[in-house]
>>> print(open('final32.cif').read())   # mmCIF, C-alpha atoms
data_input
#
loop_
_atom_site.label_atom_id
_atom_site.label_comp_id
_atom_site.auth_asym_id
_atom_site.auth_seq_id
_atom_site.Cartn_x
_atom_site.Cartn_y
_atom_site.Cartn_z
CA SER A 384 76.97 38.96 117.15
CA GLU A 385 78.20 40.88 120.16
CA ALA A 386 76.08 43.82 121.33
CA SER A 387 77.52 47.15 122.41
CA HIS A 388 77.65 47.82 126.14
CA VAL A 389 75.33 50.61 127.24
CA VAL A 390 75.20 52.41 130.58
CA VAL A 391 72.26 54.69 131.37
CA PHE A 392 72.92 57.29 134.08
CA LEU A 393 69.98 59.17 135.61
CA THR A 394 70.73 62.01 137.99
CA ASP A 395 68.47 64.52 139.71
CA GLY A 396 71.05 67.09 140.68
CA LEU A 397 74.60 67.99 141.49
CA PRO A 398 77.02 65.48 143.08
CA THR A 399 76.44 65.77 146.85
CA SER A 400 78.13 62.74 148.44
CA GLY A 401 81.17 60.58 147.80
CA TYR A 402 83.20 62.17 145.03
CA THR A 403 81.78 65.63 144.33
CA ASP A 404 84.54 67.17 142.18
CA ALA A 405 83.47 67.08 138.51
CA GLU A 406 87.03 66.51 137.23
CA THR A 407 87.52 63.55 139.59
CA ILE A 408 84.19 62.03 138.59
CA ALA A 409 84.93 62.38 134.86
CA SER A 410 88.40 60.88 135.32
CA LEU A 411 87.10 57.90 137.34
CA VAL A 412 84.35 57.23 134.79
CA GLU A 413 86.90 57.31 131.96
CA GLN A 414 89.24 54.91 133.81
CA THR A 415 86.42 52.49 134.56
CA ASN A 416 84.94 52.66 131.09
CA THR A 417 88.30 51.86 129.50
CA ARG A 418 87.75 48.29 130.74
CA ILE A 419 84.16 47.83 129.52
CA ASP A 420 84.01 50.20 126.51
CA ALA A 421 80.38 51.21 127.08
CA ARG A 422 78.35 54.03 125.60
CA LEU A 423 77.29 56.25 128.50
CA HIS A 424 73.87 57.81 127.98
CA VAL A 425 73.09 60.48 130.54
CA PHE A 426 69.74 61.84 131.73
CA GLY A 427 69.76 65.01 133.81
CA VAL A 428 66.42 65.38 135.58
CA GLY A 429 65.38 68.79 136.90
CA TYR A 430 66.90 72.25 136.73
CA ASP A 431 69.75 71.79 139.21
CA VAL A 432 72.13 69.60 137.18
CA ASN A 433 75.78 70.09 136.32
CA THR A 434 75.34 70.32 132.55
CA HIS A 435 79.07 70.68 131.91
CA LEU A 436 79.81 67.42 133.74
CA LEU A 437 76.94 65.53 132.12
CA ASP A 438 77.82 66.80 128.63
CA ARG A 439 81.43 65.76 129.19
CA LEU A 440 80.51 62.28 130.48
CA ALA A 441 78.34 61.63 127.43
CA ASP A 442 80.87 63.05 124.94
CA ASP A 443 83.91 61.31 126.45
CA ASN A 444 82.07 57.97 126.52
CA ARG A 445 80.42 58.02 123.07
CA GLY A 446 76.92 58.48 124.45
CA SER A 447 74.18 61.05 124.47
CA VAL A 448 72.79 63.47 127.01
CA THR A 449 69.14 64.30 127.55
CA TYR A 450 67.78 66.91 129.93
CA VAL A 451 64.34 66.27 131.40
CA GLN A 452 62.41 69.26 132.74
CA PRO A 453 60.45 69.00 136.00
CA GLY A 454 56.93 67.86 135.17
CA GLU A 455 58.04 66.25 131.90
CA ASN A 456 57.03 62.59 131.61
CA LEU A 457 60.25 60.67 132.34
CA GLU A 458 58.73 57.38 131.18
CA THR A 459 57.95 58.83 127.75
CA VAL A 460 61.49 60.22 127.46
CA LEU A 461 63.07 56.88 128.44
CA VAL A 462 60.86 54.87 126.07
CA GLY A 463 61.80 57.23 123.21
CA PHE A 464 65.47 56.84 124.14
CA TYR A 465 65.21 53.04 124.20
CA GLU A 466 63.47 52.96 120.82
CA LYS A 467 66.31 55.06 119.39
CA VAL A 468 69.28 53.12 120.79
CA ALA A 469 67.82 49.60 120.61
CA THR A 470 69.16 49.12 117.09
CA PRO A 471 72.18 51.26 116.22
CA LEU A 472 72.66 51.68 112.48
CA LEU A 473 76.37 52.53 112.56
CA THR A 474 78.78 52.33 115.50
CA ASP A 475 82.45 53.26 115.93
CA VAL A 476 82.07 55.97 113.29
CA THR A 477 85.17 57.61 111.81
CA ILE A 478 85.41 60.08 108.95
CA GLU A 479 88.36 60.59 106.59
CA PHE A 480 88.83 63.50 104.21
CA GLU A 481 90.82 63.15 101.00
CA GLY A 482 91.79 66.30 99.14
CA LEU A 483 90.99 68.46 102.16
CA GLU A 484 93.29 69.59 105.00
CA THR A 485 91.07 69.74 108.11
CA SER A 486 91.51 70.94 111.69
CA ASP A 487 89.41 71.78 114.76
CA LEU A 488 86.69 69.21 114.03
CA TYR A 489 83.70 69.07 116.38
CA PRO A 490 82.46 66.85 117.86
CA SER A 491 85.86 65.34 118.57
CA HIS A 492 84.27 61.92 119.20
CA ILE A 493 81.74 61.05 116.54
CA PRO A 494 78.68 59.43 118.12
CA ASP A 495 76.94 56.28 116.97
CA MET A 496 74.20 56.66 114.37
CA TYR A 497 70.65 55.58 115.20
CA GLN A 498 67.39 55.47 113.24
CA GLY A 499 66.31 59.08 112.65
CA SER A 500 69.52 60.62 114.02
CA SER A 501 71.99 62.87 112.26
CA ILE A 502 75.51 64.11 112.90
CA ILE A 503 76.64 67.65 112.28
CA LEU A 504 80.42 67.71 111.98
CA THR A 505 82.01 71.17 111.86
CA GLY A 506 85.63 72.06 111.29
CA ARG A 507 88.09 74.19 109.41
CA TYR A 508 89.90 73.45 106.20
CA THR A 509 92.94 75.19 104.79
CA SER A 510 93.29 73.77 101.31
CA ALA A 511 91.24 71.69 98.97
CA ALA A 512 92.08 69.67 95.89
CA PRO A 513 89.83 69.92 92.82
CA THR A 514 88.07 66.74 94.01
CA ILE A 515 87.13 66.07 97.64
CA THR A 516 86.35 62.56 98.87
CA ILE A 517 84.76 61.90 102.25
CA ARG A 518 84.87 58.36 103.64
CA VAL A 519 82.59 57.40 106.53
CA HIS A 520 83.62 54.18 108.27
CA GLY A 521 81.79 52.26 110.97
CA ARG A 522 80.22 48.97 111.92
CA SER A 523 76.69 47.71 111.37
CA GLY A 524 76.49 44.91 113.92
CA GLN A 525 79.82 43.15 113.40
CA GLN A 526 80.05 44.04 109.69
CA PRO A 527 82.42 46.86 108.68
CA GLN A 528 80.77 49.53 106.54
CA GLU A 529 82.16 52.30 104.37
CA PHE A 530 80.30 55.11 102.64
CA VAL A 531 82.15 57.22 100.09
CA TYR A 532 81.07 60.67 98.88
CA THR A 533 82.99 62.55 96.18
CA TYR A 534 82.50 66.21 95.32
CA ALA A 535 84.04 68.59 92.83
CA ARG A 536 85.35 71.56 94.85
CA ASP A 537 83.74 73.98 92.39
CA HIS A 538 80.29 72.48 93.12
CA VAL A 539 80.44 72.68 96.93
CA ARG A 540 78.07 75.38 98.19
CA THR A 541 78.91 77.62 101.14
CA TYR A 542 76.42 78.94 103.67
CA ASP A 543 76.67 82.01 105.91
CA PHE A 544 75.63 80.14 109.07
CA VAL A 545 78.45 77.57 108.92
CA PRO A 546 81.26 79.77 110.35
CA ARG A 547 79.01 80.76 113.29
CA LEU A 548 78.11 77.12 113.95
CA TRP A 549 81.78 76.14 114.00
CA ALA A 550 82.71 79.16 116.17
CA THR A 551 80.04 78.25 118.72
CA ARG A 552 81.46 74.74 119.03
CA GLN A 553 85.05 76.06 119.16
CA ILE A 554 84.13 78.44 122.00
CA GLY A 555 82.38 75.62 123.87
CA TYR A 556 85.47 73.44 123.49
CA LEU A 557 87.77 76.25 124.71
CA LEU A 558 85.53 76.97 127.71
CA ASP A 559 85.63 73.27 128.61
CA GLN A 560 89.43 73.39 128.39
CA VAL A 561 89.54 76.42 130.71
CA ARG A 562 87.21 74.68 133.15
CA THR A 563 89.23 71.44 133.22
CA GLN A 564 92.80 72.69 132.63
CA GLY A 565 92.61 76.18 134.11
CA GLU A 566 93.20 79.47 132.35
#
>>> encode(input="final32.cif", output="structure tokens")
Amino acid sequence: SEASHVVVFLTDGLPTSGYTDAETIASLVEQTNTRIDARLHVFGVGYDVNTHLLDRLADDNRGSVTYVQPGENLETVLVGFYEKVATPLLTDVTIEFEGLETSDLYPSHIPDMYQGSSIILTGRYTSAAPTITIRVHGRSGQQPQEFVYTYARDHVRTYDFVPRLWATRQIGYLLDQVRTQGE
């Protein structure tokens, strides 16, 4: 079986030599990664890191981002990271909704699933059929997997915190758009 490609990027600060423009860096990483299709896992070490750039690099390249505080044991953080990503449970994850019209889903790129990890997917829906089916697709090793969950619309509970959670992600997305595309 073929393993996923993984790139681990450790940085201790802001870009200071070579390419220093965040947009240029993100674009060059995306162009390069198109050829190798790697998951880019980013570690920002210290307080003086460009969190917007690092978050974008991880999100655009199906990876994760971890921030390490000064004085925190980097070896412990890296060992924990390795133990998590050494055996992905589900890669290339996609989610389909049947009986539900969705929009503004976040995260836009669904990350791989690892032992002990979870994914919170937020979004909006405009109409729902009496029965809602959610299909989660992915790969376990080289084997395709599908998980199907069916709910009666009348039995789906709503929670007060969900709109705020979605709004926070929507605002973050819009701020990223302003930062990269301009106002």
>>> closest_residue(input="final32.cif", among="A:Val451, A:Val432, A:Ala512, A:Val561", to="A:Phe464", atoms="all atoms listed in the file")
A:Val451
>>> atom_distance(input="final32.cif", atom1="atom CA of A:Val425", atom2="atom CA of A:Val391")
5.9 Å
>>> atom_distance(input="final32.cif", atom1="atom CA of A:Glu479", atom2="atom CA of A:Thr516")
8.2 Å
>>> atom_distance(input="final32.cif", atom1="atom CA of A:Ile517", atom2="atom CA of A:Thr477")
10.5 Å
>>> resolve_selection(input="final32.cif", expression="the PyMOL selection byres ((chain A and resi 484-500) around 10)", output="JSON, numbers by chain")
{"A": [422, 441, 442, 443, 444, 445, 446, 447, 466, 467, 468, 469, 470, 471, 472, 473, 474, 475, 476, 477, 478, 479, 480, 481, 482, 483, 501, 502, 503, 504, 505, 506, 507, 508, 509, 510, 511, 512, 521, 522, 523, 549, 552, 553, 556]}
>>> residues_around(input="final32.cif", residues="A:Ile408", least_positions_apart="5", cutoff="9 Å", atoms="only C-alpha atoms", output="ChimeraX atom specification")
/A:402-403,413,436,440
>>> write_last_selection(input="final32.cif", atoms="C-alpha atoms", output="tab-separated table (two decimals), in the coordinates of the input")
chain	number	residue	atom	x	y	z
A	402	TYR	CA	83.20	62.17	145.03
A	403	THR	CA	81.78	65.63	144.33
A	413	GLU	CA	86.90	57.31	131.96
A	436	LEU	CA	79.81	67.42	133.74
A	440	LEU	CA	80.51	62.28	130.48
>>> closest_residue(input="final32.cif", among="A:Ser400, A:His388, A:Ala550, A:Val462", to="A:Ile419", atoms="all atoms listed in the file")
A:His388
>>> closest_residue(input="final32.cif", among="A:Leu437, A:Pro513, A:His538, A:Gly463", to="A:Ala409", atoms="all atoms listed in the file")
A:Leu437
>>> residues_around(input="final32.cif", residues="A:Val531", least_positions_apart="2", cutoff="9 Å", atoms="only C-alpha atoms", output="PyMOL selection string")
chain A and resi 516-520+529+533
>>> write_last_selection(input="final32.cif", atoms="C-alpha atoms", output="CSV table (one decimal), keeping the file's coordinate frame")
chain,number,residue,atom,x,y,z
A,516,THR,CA,86.4,62.6,98.9
A,517,ILE,CA,84.8,61.9,102.2
A,518,ARG,CA,84.9,58.4,103.6
A,519,VAL,CA,82.6,57.4,106.5
A,520,HIS,CA,83.6,54.2,108.3
A,529,GLU,CA,82.2,52.3,104.4
A,533,THR,CA,83.0,62.6,96.2
>>> resolve_selection(input="final32.cif", expression="the PyMOL selection byres ((chain A and resi 395) around 8)", output="list in words")
Leu393, Thr394, Gly396, Leu397, Gly427, Val428, Gly429, Asp431 and Val432 of chain A
>>> closest_residue(input="final32.cif", among="A:Ile515, A:Glu406, A:Phe392, A:Asp543", to="A:Leu461", atoms="only C-alpha atoms")
A:Phe392
>>> closest_residue(input="final32.cif", among="A:Val460, A:Val448, A:Ala405, A:Val390", to="A:Asp420", atoms="all atoms listed in the file")
A:Val390
>>> decode(input="final32.cif", residues="stretch 428-452 of chain A", atoms="N, CA, C and O atoms", output="compact mmCIF listing (two decimals), in the first residue's frame")
# COMPACT_ATOMS: atom_id res chain seq x y z
N VAL A 428 6.77 27.96 16.41
CA VAL A 428 7.45 27.93 17.70
C VAL A 428 7.70 29.36 18.16
O VAL A 428 8.34 30.15 17.45
N GLY A 429 7.20 29.71 19.33
CA GLY A 429 7.41 31.05 19.88
C GLY A 429 6.17 31.90 19.74
O GLY A 429 5.11 31.46 19.28
N TYR A 430 6.32 33.16 20.14
CA TYR A 430 5.20 34.09 20.07
C TYR A 430 5.15 34.86 18.77
O TYR A 430 4.10 35.34 18.36
N ASP A 431 6.27 35.03 18.10
CA ASP A 431 6.36 35.91 16.94
C ASP A 431 6.21 35.11 15.64
O ASP A 431 7.14 34.99 14.86
N VAL A 432 5.03 34.52 15.44
CA VAL A 432 4.77 33.74 14.22
C VAL A 432 3.60 34.36 13.47
O VAL A 432 2.73 34.98 14.07
N ASN A 433 3.59 34.19 12.18
CA ASN A 433 2.50 34.68 11.35
C ASN A 433 1.40 33.61 11.37
O ASN A 433 1.38 32.72 10.53
N THR A 434 0.49 33.70 12.33
CA THR A 434 -0.53 32.67 12.48
C THR A 434 -1.45 32.56 11.28
O THR A 434 -1.89 31.47 10.93
N HIS A 435 -1.73 33.69 10.63
CA HIS A 435 -2.60 33.65 9.45
C HIS A 435 -1.95 32.84 8.33
O HIS A 435 -2.61 32.02 7.69
N LEU A 436 -0.66 33.05 8.10
CA LEU A 436 0.05 32.30 7.07
C LEU A 436 0.12 30.82 7.43
O LEU A 436 -0.18 29.96 6.60
N LEU A 437 0.47 30.51 8.66
CA LEU A 437 0.62 29.11 9.06
C LEU A 437 -0.72 28.38 9.02
O LEU A 437 -0.80 27.24 8.57
N ASP A 438 -1.78 29.04 9.49
CA ASP A 438 -3.12 28.44 9.42
C ASP A 438 -3.49 28.16 7.97
O ASP A 438 -4.04 27.10 7.64
N ARG A 439 -3.20 29.11 7.10
CA ARG A 439 -3.55 28.94 5.68
C ARG A 439 -2.76 27.81 5.05
O ARG A 439 -3.31 27.00 4.29
N LEU A 440 -1.45 27.73 5.33
CA LEU A 440 -0.63 26.67 4.76
C LEU A 440 -1.16 25.30 5.17
O LEU A 440 -1.27 24.39 4.34
N ALA A 441 -1.51 25.14 6.44
CA ALA A 441 -2.03 23.86 6.91
C ALA A 441 -3.38 23.56 6.29
O ALA A 441 -3.62 22.45 5.80
N ASP A 442 -4.28 24.54 6.25
CA ASP A 442 -5.63 24.32 5.72
C ASP A 442 -5.60 24.04 4.22
O ASP A 442 -6.26 23.12 3.74
N ASP A 443 -4.83 24.81 3.47
CA ASP A 443 -4.77 24.64 2.02
C ASP A 443 -4.11 23.33 1.61
O ASP A 443 -4.29 22.86 0.49
N ASN A 444 -3.33 22.74 2.52
CA ASN A 444 -2.56 21.54 2.18
C ASN A 444 -2.94 20.35 3.05
O ASN A 444 -2.13 19.46 3.30
N ARG A 445 -4.20 20.34 3.52
CA ARG A 445 -4.79 19.22 4.24
C ARG A 445 -3.95 18.74 5.42
O ARG A 445 -3.83 17.54 5.66
N GLY A 446 -3.37 19.70 6.15
CA GLY A 446 -2.56 19.35 7.30
C GLY A 446 -3.12 19.93 8.57
O GLY A 446 -4.29 20.27 8.67
N SER A 447 -2.26 20.05 9.55
CA SER A 447 -2.65 20.61 10.85
C SER A 447 -1.65 21.68 11.23
O SER A 447 -0.56 21.76 10.66
N VAL A 448 -2.03 22.50 12.19
CA VAL A 448 -1.11 23.51 12.69
C VAL A 448 -1.08 23.40 14.21
O VAL A 448 -2.10 23.17 14.85
N THR A 449 0.13 23.50 14.75
CA THR A 449 0.33 23.43 16.19
C THR A 449 1.22 24.60 16.59
O THR A 449 2.25 24.84 15.95
N TYR A 450 0.83 25.30 17.63
CA TYR A 450 1.65 26.41 18.13
C TYR A 450 2.30 25.97 19.42
O TYR A 450 1.64 25.46 20.33
N VAL A 451 3.62 26.16 19.49
CA VAL A 451 4.42 25.75 20.64
C VAL A 451 4.90 27.00 21.35
O VAL A 451 5.59 27.84 20.76
N GLN A 452 4.54 27.13 22.62
CA GLN A 452 4.92 28.29 23.42
C GLN A 452 6.40 28.22 23.80
O GLN A 452 6.94 27.12 23.96
